[in-house]
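Chemist: I'd like to ask you about the structure that follows.
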Amino acid sequence: MEDNKNVDELKDEDLELISQNDEADVVEQDSADFELMESYGETNDLGQIDTESEVAEASEEPAEVEYPETSIESDASIEPEMPVEAESPIEEGEPEVVVNSKKKIKSNKSMSKKKKTIIAVTAMLCVVAIVLSIVLPVVFYCKPRIFVKSADQFVAGDKVGDMGKYFYVLDKNISCDNLTITEDNVYSIDMNKHSLSVDGDFVINSNREGALYIGTRKSDTEYTSKKASIKATNITINAPNMNVVIMADITCETMFVNSKTLKVASFMKGEVTNMDMTITAEEVRFSGNISGTATSIIDLQNVNQVIVESGVSISNTIQLTKSNLTVMSSATLEKVVLDEESKATISGTIMNAIVGGAQVYMQEGHSCNTYQDINTLVIYRDTRKSHLIKNCKNVIYVEKLTTPVDITVQEIDNRYYCTVASVKHASGYRCLINGVEVATQQGENNTKFDITDYVKDIGTYKIEAIPMGDFSEESNLTDVGHCTMYVDGDAASIDYHSVMTLQPPKNLRVNSDFMLEFDSVPYADYYMIFVDGVMVIREDLAATTEDLSNFVGLVGDHSIRVQAFSFNENINASSVSMISCSTTEAIEAVDYLSMSAILNSDHTAINATWQGTANGYEYIVYLQINGDVNSQIEVGRTSIVDETGAIIYTINFDELPEDLGFEYDPESDAYFDVIVVAAEHDYFTQSDPTSCRVKISSSNSTSSSSSAK
């Protein structure tokens with residue numbers, strides 16, 4: 001009986017575990033659904049995750065839940081345990097399950113706690129996912145997004161509350177019979193790289209102002225046609241106050257658009273080649289190709305500006321009523337038909353013909369085979385292309401004036417003039433200096449401009465002269481008739497350098513220490529110095545002094561040149577300033593130790609001897625009596641050197657000048673100073689004097705001594 005009770009407890013515990021497993025599986029399934037919706041970013045019109053569709057899908061295909069069996073074998077397979085000895089022997093015939101029943105129950109309780117923890121964590125993650133799916137789209141896009149999986153979700157009945165602006169996002173490819181969106185608050189339809197196929201009419205009606213974007217969204221104002229397509233039998237967009245931008249690939253038989261402006265990106269995938277379009281807007285811009293046939297019509301009414309961008313190809317016939325067409329270069333159109341109030345400006349290619357129009361202007365680069373029934377046809381002449389003109393009232397050919405073949409700038413009486421070679425058919429000329437127009441002359445031969453006031457400052461000026469034509473796109477050419485008119489030619493240009501020349505450096509001088517100095521020159525940035533034709537390497541090029549001792553220290557004549565320079569290419573270097581510098585050297589004085597003087601025996605003469613000095617050539621001999629400098633006289637010069645290199649000079653008393661008043665008295669204590677100086681020659685200056693004294697003693701003996709003075 002007790003064993004049966006244990007079995008009942010085991011069953012109850014297993015049933016509890018089954019219930020818990022059911023809850024865990026349901027939560028895990030919900031979590032998977034939330035993660036799937038989060039990956040799509042799916043929310044309802046309140047910015048919340050829309051789970052109704054997911055729940056519906058889940059109800060159609062319920063998830064399988066495996067329930068654990070209540071047998072011991074099932075429990076053992078779930079959590080095997082080590083064998084445990086029984087406390088009492090098992091009686092024969094008793095159920096074997098009783099032995100480890102308590103152990104099994106404990107194991108199941110432990111497993112239940114683990115699953116509860118997993119369930120709690122999973123639930124928390126689900127809550128976080130829900131919050132993120134609500135907050136992130138609102139924060140990132142700043143617009144309430146409505147994810148649609150079927151055409152029914154476009155209708156206003158699915159929207160709750162005051163949304164302000166509806167932002168539709170396709171969550172999958174959608175197909176339906178007819179689709180009409182009449183909600184005034186529609187903001188944009190993000191194709192989200194999906195397709196919308198309507199087997200009937202696709203209609204958008206809105207009276208609100210603002211922009212309506214249709215395509216795959218990249219940002220608030222940037223859309224792409226990548227993997228976004230709309231296919232319908234008929235497309236109608238009636239939004240007269242909106243700027244409509246269609247970036248999806250469009251396939252339809254007819255299309256009607258009434259909007260403020262319209263930009264069409266791509267009408268390709270040409271499953272239906274006979275596409276007729278009727279468009280009414282202030283401005284229409286075609287930026288993508290349209291694949292149709294020559295018999296299909298794009299009817300544009302009351303469009304102030306229709307623009308076909310470069311590279312666009314349109315196979316339909318474009319028909320304009322009270323509209324203006326601009327076809328950019330490299331764009332290709334099949335045929336253009338204009339009413340009597342429409343105008344067209346064409347730079348691209350018209351494959352067939354242009355018919356009708358108040359005025360058609362075929363710009364440079366145009367191409368068209370036939371022009372018919374045009375009131376005023378303006379054709380940029382291209383002799384390489386042929387065309388046929390039928391029943392056109394005014395045909396004006398436009399040619400571009402040639403570029404002037406020459407342009408010069410010259411100075412006349414301190415005034416500067418620009419003169420350009422004349423160009424045939426020019427109505428005048430414009431003169432530009434550095435891109436700014438400074439003067440205009442009328443007349444084919446009036447080609448001279450006074451530019452003095454514009455080139456005063458030092459610098460380089462780009463001077464241009466442009467020949468002017470008589471054609472203007474704004475001109476009224478209604479009754480001009482057949483003629484040729486001209487547009488401005490290309491500019492002839494010249495670079496004119498307004499220059500100055502620096503003044504030469506002034507007041508050059510070299511002092512006794514061989515330091516060169518000169519005055520600074522206005523506007524000069526640096527100076528170059530040359531000594532005897534060799535450039536002096538300077539540490540400071542801007543200095544106005546320079547030590548030249550290493551360059552002019554050698555004996556001889558030297559040339560010193562200085563020239564001023566500027567870093568400004570429009571300031572010329574100065575002329576060269578030059579001074580000469582002669583470097584001399586003093587001759588060494590005669591060595592007093594080599595000099596001697598002796599009074600001869602009869603006291604009538606003095607014989608002086610000394611050794612010649614380096615660079616000495618001629619020596620001046622002086623005689624001074626009794627130390628009286630006033631009595632010093634030059635007694636002679638000599639350059640005679642004997643074979644030993646000694647110089648001998650004799651002073652005879654009787655040859656002394658009479659006005660000296662000298663009378664020799666042998667008995668007196670008189671003395672004589674013989675002074676020798678090496679005389680200057682070439683670049684050597686006179687040496688210092690060297691003297692030798694001669695004394696006469698009372699005993700009539702003589703003596704001599706030498707000294708350098």
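Just remember, in the structure tokens the first chain shown is A, the second B, etc., residues are 1-based per chain, and ligands are 1-based in the order shown.
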Please report, as a tab-separated table, each residue of range 385-468 of chain A lying at most 12 Å from range 493-504 of chain A, together with the nearest pair of atoms and the separation in Å rounded to one decimal; use only C-alpha atoms, and order rows by chain and ascending residue number.

Modeler:
```
residue	atom	partner	partner_atom	distance
A:Thr403	CA	A:Ser493	CA	9.9
A:Pro404	CA	A:Ser493	CA	9.1
A:Val405	CA	A:Ser493	CA	10.0
A:Asp406	CA	A:Ser493	CA	8.4
A:Ile407	CA	A:Ser493	CA	6.8
A:Thr408	CA	A:Ile494	CA	7.3
A:Val409	CA	A:Tyr496	CA	7.3
A:Gln410	CA	A:Tyr496	CA	9.8
A:Glu411	CA	A:Ser498	CA	11.0
A:Tyr416	CA	A:Ser498	CA	10.2
A:Tyr417	CA	A:Tyr496	CA	11.1
A:Cys418	CA	A:Ile494	CA	9.6
A:Thr419	CA	A:Ile494	CA	10.8
A:Val420	CA	A:Ser493	CA	9.3
A:Ala421	CA	A:Ser493	CA	11.5
A:Arg430	CA	A:Ser493	CA	11.7
A:Cys431	CA	A:Ser493	CA	9.7
A:Leu432	CA	A:Ser493	CA	9.1
A:Ile433	CA	A:Ser493	CA	9.5
A:Asn434	CA	A:Asp495	CA	9.5
A:Gly435	CA	A:Ser493	CA	10.7
A:Ile451	CA	A:Tyr496	CA	11.1
A:Thr452	CA	A:Ser498	CA	10.4
A:Asp453	CA	A:Ser498	CA	11.9
A:Tyr454	CA	A:Ser498	CA	10.3
A:Val455	CA	A:Ser498	CA	6.5
A:Lys456	CA	A:Ser498	CA	7.3
A:Asp457	CA	A:Ser498	CA	6.9
A:Ile458	CA	A:Ser498	CA	5.0
A:Gly459	CA	A:Ser498	CA	5.3
A:Thr460	CA	A:His497	CA	4.5
A:Tyr461	CA	A:Tyr496	CA	5.1
A:Lys462	CA	A:Asp495	CA	4.6
A:Ile463	CA	A:Ile494	CA	5.4
A:Glu464	CA	A:Ser493	CA	4.2
A:Ala465	CA	A:Ser493	CA	6.5
A:Ile466	CA	A:Ser493	CA	8.9
A:Pro467	CA	A:Ser493	CA	11.9
```

Chemist: When you look at His558 in chain A with a cut-off of 10 Å (counting only C-alpha atoms), what residues show up, excluding the ones that are within fewer than 5 positions of it in the same chain? I need them as a PDB file with N, CA and C atoms, in the first residue's frame.

Modeler:
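Below you can see result-v9.pdb, which holds the result:
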```pdb
ATOM      1  N   VAL A 531      83.322  87.790 -53.780  1.00  0.00           N
ATOM      2  CA  VAL A 531      84.667  88.355 -53.644  1.00  0.00           C
ATOM      3  C   VAL A 531      85.539  87.719 -54.707  1.00  0.00           C
ATOM      4  N   ASP A 532      86.061  88.559 -55.575  1.00  0.00           N
ATOM      5  CA  ASP A 532      86.884  88.091 -56.694  1.00  0.00           C
ATOM      6  C   ASP A 532      86.158  87.005 -57.499  1.00  0.00           C
ATOM      7  N   GLY A 533      84.842  87.204 -57.661  1.00  0.00           N
ATOM      8  CA  GLY A 533      84.038  86.281 -58.455  1.00  0.00           C
ATOM      9  C   GLY A 533      83.588  85.032 -57.732  1.00  0.00           C
ATOM     10  N   PHE A 551      88.574  86.158 -47.113  1.00  0.00           N
ATOM     11  CA  PHE A 551      88.533  86.328 -48.563  1.00  0.00           C
ATOM     12  C   PHE A 551      89.462  87.438 -49.052  1.00  0.00           C
ATOM     13  N   VAL A 552      89.639  88.497 -48.262  1.00  0.00           N
ATOM     14  CA  VAL A 552      90.466  89.627 -48.706  1.00  0.00           C
ATOM     15  C   VAL A 552      91.718  89.765 -47.849  1.00  0.00           C
ATOM     16  N   GLY A 553      92.069  88.741 -47.067  1.00  0.00           N
ATOM     17  CA  GLY A 553      93.264  88.810 -46.226  1.00  0.00           C
ATOM     18  C   GLY A 553      94.553  88.675 -47.008  1.00  0.00           C
ATOM     19  N   ILE A 579      82.692  97.462 -54.968  1.00  0.00           N
ATOM     20  CA  ILE A 579      83.830  98.275 -54.519  1.00  0.00           C
ATOM     21  C   ILE A 579      85.068  97.402 -54.616  1.00  0.00           C
ATOM     22  N   SER A 580      86.215  98.116 -54.694  1.00  0.00           N
ATOM     23  CA  SER A 580      87.485  97.386 -54.709  1.00  0.00           C
ATOM     24  C   SER A 580      88.164  97.545 -53.362  1.00  0.00           C
ATOM     25  N   CYS A 581      89.002  96.613 -53.055  1.00  0.00           N
ATOM     26  CA  CYS A 581      89.700  96.618 -51.764  1.00  0.00           C
ATOM     27  C   CYS A 581      91.112  96.104 -51.989  1.00  0.00           C
ATOM     28  N   SER A 582      92.096  96.903 -51.574  1.00  0.00           N
ATOM     29  CA  SER A 582      93.498  96.495 -51.699  1.00  0.00           C
ATOM     30  C   SER A 582      94.025  96.103 -50.328  1.00  0.00           C
ATOM     31  N   THR A 583      94.616  94.955 -50.256  1.00  0.00           N
ATOM     32  CA  THR A 583      95.147  94.456 -48.985  1.00  0.00           C
ATOM     33  C   THR A 583      96.668  94.552 -49.036  1.00  0.00           C
TER      34      THR A 583
END
```

Chemist: For a test of reading the model, state the distance in Å between CA of Val635 in chain A and CA of Ser594 in chain A, rounded to one decimal.

Modeler: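 Going from CA of Val635 in chain A over to CA of Ser594 in chain A covers 20.3 Å.
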
Chemist: If you count only C-alpha atoms, which residues fall within 9 Å of Ala228 in chain A, apart from same-chain ones fewer than 5 positions away, as a PyMOL selection string?

Modeler: chain A and resi 190-196+214-216+247-250

Chemist: Do a neighbour search on Thr236 in chain A at 12 Å with only C-alpha atoms, toss out local chain neighbours closer than 6 positions, and write the hits as a PyMOL selection string.

Modeler: chain A and resi 178-182+200-206+252-259+276-280

Chemist: Store the residues picked out above in a file with C-alpha atoms, as a PDB file, in the first residue's frame.

Modeler:
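Written out: again-v2.pdb:
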```pdb
ATOM      1  CA  ASN A 178      -7.177  46.496 -56.502  1.00  0.00           C
ATOM      2  CA  LEU A 179      -5.637  48.837 -53.961  1.00  0.00           C
ATOM      3  CA  THR A 180      -6.742  52.347 -53.013  1.00  0.00           C
ATOM      4  CA  ILE A 181      -5.008  54.426 -50.349  1.00  0.00           C
ATOM      5  CA  THR A 182      -7.057  57.498 -49.499  1.00  0.00           C
ATOM      6  CA  GLY A 200      -6.184  46.167 -61.456  1.00  0.00           C
ATOM      7  CA  ASP A 201      -6.008  49.783 -60.253  1.00  0.00           C
ATOM      8  CA  PHE A 202      -3.495  51.114 -57.757  1.00  0.00           C
ATOM      9  CA  VAL A 203      -4.724  54.490 -56.475  1.00  0.00           C
ATOM     10  CA  ILE A 204      -3.296  56.995 -53.990  1.00  0.00           C
ATOM     11  CA  ASN A 205      -5.456  59.990 -53.066  1.00  0.00           C
ATOM     12  CA  SER A 206      -4.198  62.665 -50.690  1.00  0.00           C
ATOM     13  CA  CYS A 252       1.731  49.575 -65.912  1.00  0.00           C
ATOM     14  CA  GLU A 253      -0.453  50.244 -68.935  1.00  0.00           C
ATOM     15  CA  THR A 254      -1.593  53.720 -67.929  1.00  0.00           C
ATOM     16  CA  MET A 255      -0.444  56.125 -65.299  1.00  0.00           C
ATOM     17  CA  PHE A 256      -2.047  59.342 -64.101  1.00  0.00           C
ATOM     18  CA  VAL A 257      -0.211  61.701 -61.732  1.00  0.00           C
ATOM     19  CA  ASN A 258      -1.495  65.013 -60.421  1.00  0.00           C
ATOM     20  CA  SER A 259       1.029  66.445 -57.957  1.00  0.00           C
ATOM     21  CA  ASP A 276       0.647  55.822 -71.477  1.00  0.00           C
ATOM     22  CA  MET A 277       1.198  58.496 -68.844  1.00  0.00           C
ATOM     23  CA  THR A 278      -0.668  61.695 -68.063  1.00  0.00           C
ATOM     24  CA  ILE A 279       1.150  64.007 -65.689  1.00  0.00           C
ATOM     25  CA  THR A 280       0.152  67.379 -64.303  1.00  0.00           C
TER      26      THR A 280
END
```
